[in-house]
Amino acid sequence: MMNIQRSFTTLAIISILGACATKPVTIQNTDVKKVMSVDEVRTVSVKADDYKNYIFERTVKIRVANDPSSAILVQIDEGSRINAFIQDMNNGWSYFKNKTGVEGYFFGKSAKEVTK
Amino acid sequence: MSRVTLLLLGLWLPLIGCAQSADLKPVVWDGFAYPYRAGEKDICNAELNPSCAIFSDQSYDERFWTKIEAIKDNNYRFVSRAEGKGNSLHVAVSVGLEWTLRGEAGESDLYYFCATVLVYQAGRTLSLVNSRPICWQKRLTQQEKTDRVKFLANFIYADPSETAQTVEKRLLAEIADIITSKPDSLVRLQVNAVKAHPDIYKDDPSKREMLSTFASEVLSAASSEALGRPIIPPATSTGLMDLRFADGARKSQISLPKSSHTIDLSIYPFVKDVFKDSLGLKFDRVVVFIRLNQQFRDGTSYVSNINFGKSSVPRRAYDDLPPELDELKNLNILYQLINETSAQVSKPNKEWLKAHVIKSSPDKVFEGFSLLAGELK
């Protein structure tokens, strides 16, 4: 019993040290699974033809909602080329959906459609 | 399970969160501010800046702070002024223009509001890193005209509709966005001299001065919007931006980076003409003209002293139609002309230039704007 307690205590100390050394992770591409969140993304049905190729001229964060306090699903870095459906919401925000299931909103005019 | 283990477990979970937020770089939220000129009073001029009643209110201050603190970012976290130390990064919002143009009994009022999100580095001095000017144009309904305090509160933050585009929502989104922008994303473009012809508001120089501020703020915001990037705030004679914060207790002086090129704007007197169609019916229309001059630091230019004009949609001069105030119409058309002209710095449009360039070759102007747009990318 004492051995189990000692092991658990050691594990807890290691975890604390590990947590303190953790750096925030920046996800640099969209090939990630959707992060679960209490917020709900408004799902938009998109046809296959609606997906276009975009280049991101600035780094953007895809969020769960069109609100900067909502969770960040993924960050798309400047210069990334992505096949996605993007719709301007006419309020500074754009709706984003890619074929790997990432779906959310980003702020600013950063995505430029490209032919390839 | 021993007490020690429980204690360690109790410490463990909160520490995971601590470790994440401790690694995020702090950004100090400084608050809402107004341009300041030496000799002015420290308190808000409610006539000039009605929004100050909201931004100087402690409960609104707390509300905005709660919202800004909740912004999620991978690299930054917002901290209060009390936590700002040493060479920290700061964010403030400067309200550069508030102008209400009053309509008559049956007319809407027009309210113009311009604000700039400023990011600056504190050191020995405050140095601008990035800035994003934004302007709003809002018509007041008859009902809103009777309760201007409520109108302003709804416009800025209190509109309960989920789809309402309040100033607050836009500013929070811009603040969250601009801290991600690299300092080199700041386009070294600056609106320099903006002059309204002395014949405009001939008997009211203060209104003419307001018109120049209006044009300067709109041109700056529209250029930044067109480029999709931050630009340097309009030039001041000292190269410094003097701010007085809404709480009335603080002032700041931010040094602006040098621009690589500038834009000057002149506003010609407004024209109202009447023309007849083929059936002999008379129509009224308002025409506004501006002159734009872009200049690089070495004095060269791609768009040199080009005149642009825009007219209102011809309006049949029926007697039974409600009157339209020329002032509202003039300003509205000017607002549109400045916005559309600014869009040319990013995406020149041959058709638009053909319809709006006066006394110059639209093709040559297109060429000039195309070269300029290429440089600004």
# chains A, B, ... in the order shown; residues from 1 in each chain; ligands from 1
>>> select_by_dssp(residues="segment 127-298 of chain B", states="strand (DSSP E)", output="number ranges by chain")
B: 127-140, 189-196, 240-245, 251-255, 261-267, 271-276, 282-296
>>> write_last_selection(atoms="C-alpha atoms", output="PDB file, in the first residue's frame")
ATOM      1  CA  SER B 127       6.184  53.311 -29.823  1.00  0.00           C
ATOM      2  CA  LEU B 128       3.414  52.335 -32.184  1.00  0.00           C
ATOM      3  CA  VAL B 129       3.634  48.739 -33.409  1.00  0.00           C
ATOM      4  CA  ASN B 130       0.348  48.328 -35.254  1.00  0.00           C
ATOM      5  CA  SER B 131      -2.866  50.257 -35.725  1.00  0.00           C
ATOM      6  CA  ARG B 132      -6.222  49.540 -37.313  1.00  0.00           C
ATOM      7  CA  PRO B 133      -8.582  52.446 -38.065  1.00  0.00           C
ATOM      8  CA  ILE B 134     -12.299  51.680 -38.472  1.00  0.00           C
ATOM      9  CA  CYS B 135     -15.242  53.959 -39.324  1.00  0.00           C
ATOM     10  CA  TRP B 136     -18.967  53.444 -38.950  1.00  0.00           C
ATOM     11  CA  GLN B 137     -21.838  55.339 -40.570  1.00  0.00           C
ATOM     12  CA  LYS B 138     -25.244  54.958 -38.955  1.00  0.00           C
ATOM     13  CA  ARG B 139     -28.628  56.517 -39.703  1.00  0.00           C
ATOM     14  CA  LEU B 140     -30.835  57.361 -36.758  1.00  0.00           C
ATOM     15  CA  LEU B 189       1.132  54.351 -45.537  1.00  0.00           C
ATOM     16  CA  GLN B 190      -0.127  57.476 -43.805  1.00  0.00           C
ATOM     17  CA  VAL B 191      -2.826  59.984 -44.560  1.00  0.00           C
ATOM     18  CA  ASN B 192      -0.968  63.289 -44.454  1.00  0.00           C
ATOM     19  CA  ALA B 193      -2.624  66.615 -45.273  1.00  0.00           C
ATOM     20  CA  VAL B 194      -6.403  66.726 -45.694  1.00  0.00           C
ATOM     21  CA  LYS B 195      -7.826  70.087 -46.660  1.00  0.00           C
ATOM     22  CA  ALA B 196     -11.357  71.226 -47.263  1.00  0.00           C
ATOM     23  CA  LEU B 240       3.379  61.944 -32.023  1.00  0.00           C
ATOM     24  CA  MET B 241      -0.109  60.810 -31.169  1.00  0.00           C
ATOM     25  CA  ASP B 242      -1.400  62.513 -28.039  1.00  0.00           C
ATOM     26  CA  LEU B 243      -4.156  60.690 -26.222  1.00  0.00           C
ATOM     27  CA  ARG B 244      -6.335  61.537 -23.251  1.00  0.00           C
ATOM     28  CA  PHE B 245      -7.967  58.476 -21.734  1.00  0.00           C
ATOM     29  CA  LYS B 251      -2.579  60.950 -20.924  1.00  0.00           C
ATOM     30  CA  SER B 252      -0.197  59.195 -23.299  1.00  0.00           C
ATOM     31  CA  GLN B 253       2.062  60.204 -26.123  1.00  0.00           C
ATOM     32  CA  ILE B 254       2.751  57.540 -28.738  1.00  0.00           C
ATOM     33  CA  SER B 255       5.513  57.994 -31.287  1.00  0.00           C
ATOM     34  CA  HIS B 261       4.597  57.099 -48.472  1.00  0.00           C
ATOM     35  CA  THR B 262       1.735  59.453 -47.819  1.00  0.00           C
ATOM     36  CA  ILE B 263      -1.624  60.418 -49.258  1.00  0.00           C
ATOM     37  CA  ASP B 264      -2.886  63.998 -49.352  1.00  0.00           C
ATOM     38  CA  LEU B 265      -6.525  64.776 -49.961  1.00  0.00           C
ATOM     39  CA  SER B 266      -8.289  67.972 -51.018  1.00  0.00           C
ATOM     40  CA  ILE B 267     -12.039  68.401 -50.925  1.00  0.00           C
ATOM     41  CA  VAL B 271     -21.920  71.140 -56.354  1.00  0.00           C
ATOM     42  CA  LYS B 272     -25.625  70.822 -56.875  1.00  0.00           C
ATOM     43  CA  ASP B 273     -26.843  70.816 -60.428  1.00  0.00           C
ATOM     44  CA  VAL B 274     -30.108  70.392 -62.248  1.00  0.00           C
ATOM     45  CA  PHE B 275     -30.339  68.675 -65.561  1.00  0.00           C
ATOM     46  CA  LYS B 276     -33.137  67.812 -67.929  1.00  0.00           C
ATOM     47  CA  LYS B 282     -35.837  68.207 -64.260  1.00  0.00           C
ATOM     48  CA  PHE B 283     -33.596  66.254 -61.928  1.00  0.00           C
ATOM     49  CA  ASP B 284     -31.480  67.326 -58.963  1.00  0.00           C
ATOM     50  CA  ARG B 285     -28.159  65.779 -58.177  1.00  0.00           C
ATOM     51  CA  VAL B 286     -25.256  66.470 -55.879  1.00  0.00           C
ATOM     52  CA  VAL B 287     -21.682  66.156 -57.091  1.00  0.00           C
ATOM     53  CA  VAL B 288     -18.568  65.955 -54.938  1.00  0.00           C
ATOM     54  CA  PHE B 289     -14.987  66.212 -56.087  1.00  0.00           C
ATOM     55  CA  ILE B 290     -11.739  65.290 -54.369  1.00  0.00           C
ATOM     56  CA  ARG B 291      -8.086  65.443 -55.378  1.00  0.00           C
ATOM     57  CA  LEU B 292      -5.738  62.699 -54.271  1.00  0.00           C
ATOM     58  CA  ASN B 293      -1.962  62.896 -54.248  1.00  0.00           C
ATOM     59  CA  GLN B 294       0.179  59.936 -53.269  1.00  0.00           C
ATOM     60  CA  GLN B 295       3.870  60.475 -52.661  1.00  0.00           C
ATOM     61  CA  PHE B 296       6.823  58.305 -51.717  1.00  0.00           C
TER      62      PHE B 296
END
>>> residues_around(residues="segment 43-58 of chain B", least_positions_apart="2", cutoff="8 Å", atoms="only C-alpha atoms", output="list in words")
Phe32, Lys41, Tyr60, Asp61, Glu62, Leu97, Glu98, Trp99, Leu152, Ala153, Ala246, Asp247 and Gly248 of chain B
>>> residues_around(residues="segment 80-93 of chain A", least_positions_apart="3", cutoff="10 Å", atoms="only C-alpha atoms", output="ChimeraX atom specification")
/A:28-30,44,46-59,65-67,76-77,96-100,102-109,111-114,116 /B:163-166,169-170,173-174
>>> write_last_selection(atoms="C-alpha atoms", output="CSV table (one decimal), in the first residue's frame")
chain,number,residue,atom,x,y,z
A,28,GLN,CA,0.1,24.9,-38.0
A,29,ASN,CA,-2.1,23.0,-40.4
A,30,THR,CA,-5.7,22.0,-40.7
A,44,VAL,CA,-23.4,24.8,-43.2
A,46,VAL,CA,-21.5,22.6,-48.6
A,47,LYS,CA,-21.4,21.0,-52.0
A,48,ALA,CA,-18.2,19.5,-53.4
A,49,ASP,CA,-18.0,22.2,-56.0
A,50,ASP,CA,-18.0,25.0,-53.4
A,51,TYR,CA,-14.6,24.0,-52.1
A,52,LYS,CA,-11.9,26.3,-53.6
A,53,ASN,CA,-8.2,26.8,-53.1
A,54,TYR,CA,-7.1,29.6,-50.9
A,55,ILE,CA,-3.9,31.2,-49.9
A,56,PHE,CA,-3.8,32.8,-46.4
A,57,GLU,CA,-2.0,36.1,-46.6
A,58,ARG,CA,-2.0,36.5,-42.9
A,59,THR,CA,-2.1,34.1,-39.9
A,65,ALA,CA,-17.9,31.0,-33.0
A,66,ASN,CA,-17.6,34.4,-34.5
A,67,ASP,CA,-16.5,35.7,-31.2
A,76,ILE,CA,-3.7,28.7,-40.1
A,77,ASP,CA,-0.3,30.3,-40.7
A,96,PHE,CA,-14.7,28.3,-42.9
A,97,LYS,CA,-15.1,24.6,-43.6
A,98,ASN,CA,-12.5,22.1,-45.0
A,99,LYS,CA,-12.9,18.6,-46.1
A,100,THR,CA,-11.2,17.1,-43.0
A,102,VAL,CA,-12.6,21.6,-39.4
A,103,GLU,CA,-15.5,24.1,-39.3
A,104,GLY,CA,-15.6,27.5,-37.7
A,105,TYR,CA,-15.0,31.2,-38.2
A,106,PHE,CA,-12.1,33.5,-38.7
A,107,PHE,CA,-11.8,37.3,-38.6
A,108,GLY,CA,-10.3,39.5,-41.3
A,109,LYS,CA,-9.8,39.5,-45.0
A,111,ALA,CA,-7.9,34.3,-47.6
A,112,LYS,CA,-7.4,34.9,-51.3
A,113,GLU,CA,-8.7,32.5,-53.8
A,114,VAL,CA,-6.1,30.9,-56.1
A,116,LYS,CA,-4.2,25.9,-57.8
B,163,THR,CA,-26.9,39.5,-35.0
B,164,ALA,CA,-26.4,43.2,-34.2
B,165,GLN,CA,-23.0,44.4,-35.3
B,166,THR,CA,-22.1,46.6,-32.4
B,169,LYS,CA,-18.1,43.3,-31.1
B,170,ARG,CA,-16.1,44.7,-33.9
B,173,ALA,CA,-12.5,41.1,-32.9
B,174,GLU,CA,-10.1,43.6,-34.2
>>> select_by_dssp(residues="segment 48-159 of chain B", states="alpha helix (DSSP H)", output="list of chain:residue names")
B:Cys52, B:Ala53, B:Ile54, B:Phe55, B:Gln58, B:Ser59, B:Tyr60, B:Asp61, B:Glu62, B:Arg63, B:Phe64, B:Trp65, B:Thr66, B:Lys67, B:Ile68, B:Glu69, B:Gln142, B:Gln143, B:Glu144, B:Lys145, B:Thr146, B:Arg148, B:Val149, B:Lys150, B:Phe151, B:Leu152, B:Ala153
>>> closest_residue(among="B:Gln344, B:Ser260, B:Ala221, B:Arg102", to="Arg297 of chain B", atoms="only C-alpha atoms")
B:Ser260
>>> closest_residue(among="A:Pro68, A:Gly101, A:Gly79, A:Ser110", to="Ile71 of chain B", atoms="only C-alpha atoms")
A:Pro68
>>> residues_around(residues="Lys350 of chain B", least_positions_apart="6", cutoff="9 Å", atoms="only C-alpha atoms", output="PyMOL selection string")
chain B and resi 362-363+365-366
>>> atom_distance(atom1="atom CA of Asn307 of chain B", atom2="atom CA of Tyr268 of chain B")
9.7 Å
>>> closest_residue(among="B:Lys85, B:Lys182, B:Arg250, B:Arg124", to="Ala33 of chain B", atoms="only C-alpha atoms")
B:Arg250
>>> atom_distance(atom1="atom CA of Lys347 of chain B", atom2="atom CA of Asn305 of chain B")
19.2 Å
>>> closest_residue(among="B:His197, B:Arg37, B:Lys25, B:Lys67", to="chain A", atoms="only C-alpha atoms")
B:Lys67
>>> closest_residue(among="B:Lys364, B:Arg77, B:Lys150, B:Arg208", to="chain A", atoms="only C-alpha atoms")
B:Arg77
>>> closest_residue(among="B:Ser88, B:Ser161, B:Thr100, B:Asn75", to="chain A", atoms="only C-alpha atoms")
B:Asn75
>>> atom_distance(atom1="atom CA of Pro348 of chain B", atom2="atom CA of Ser220 of chain B")
17.2 Å
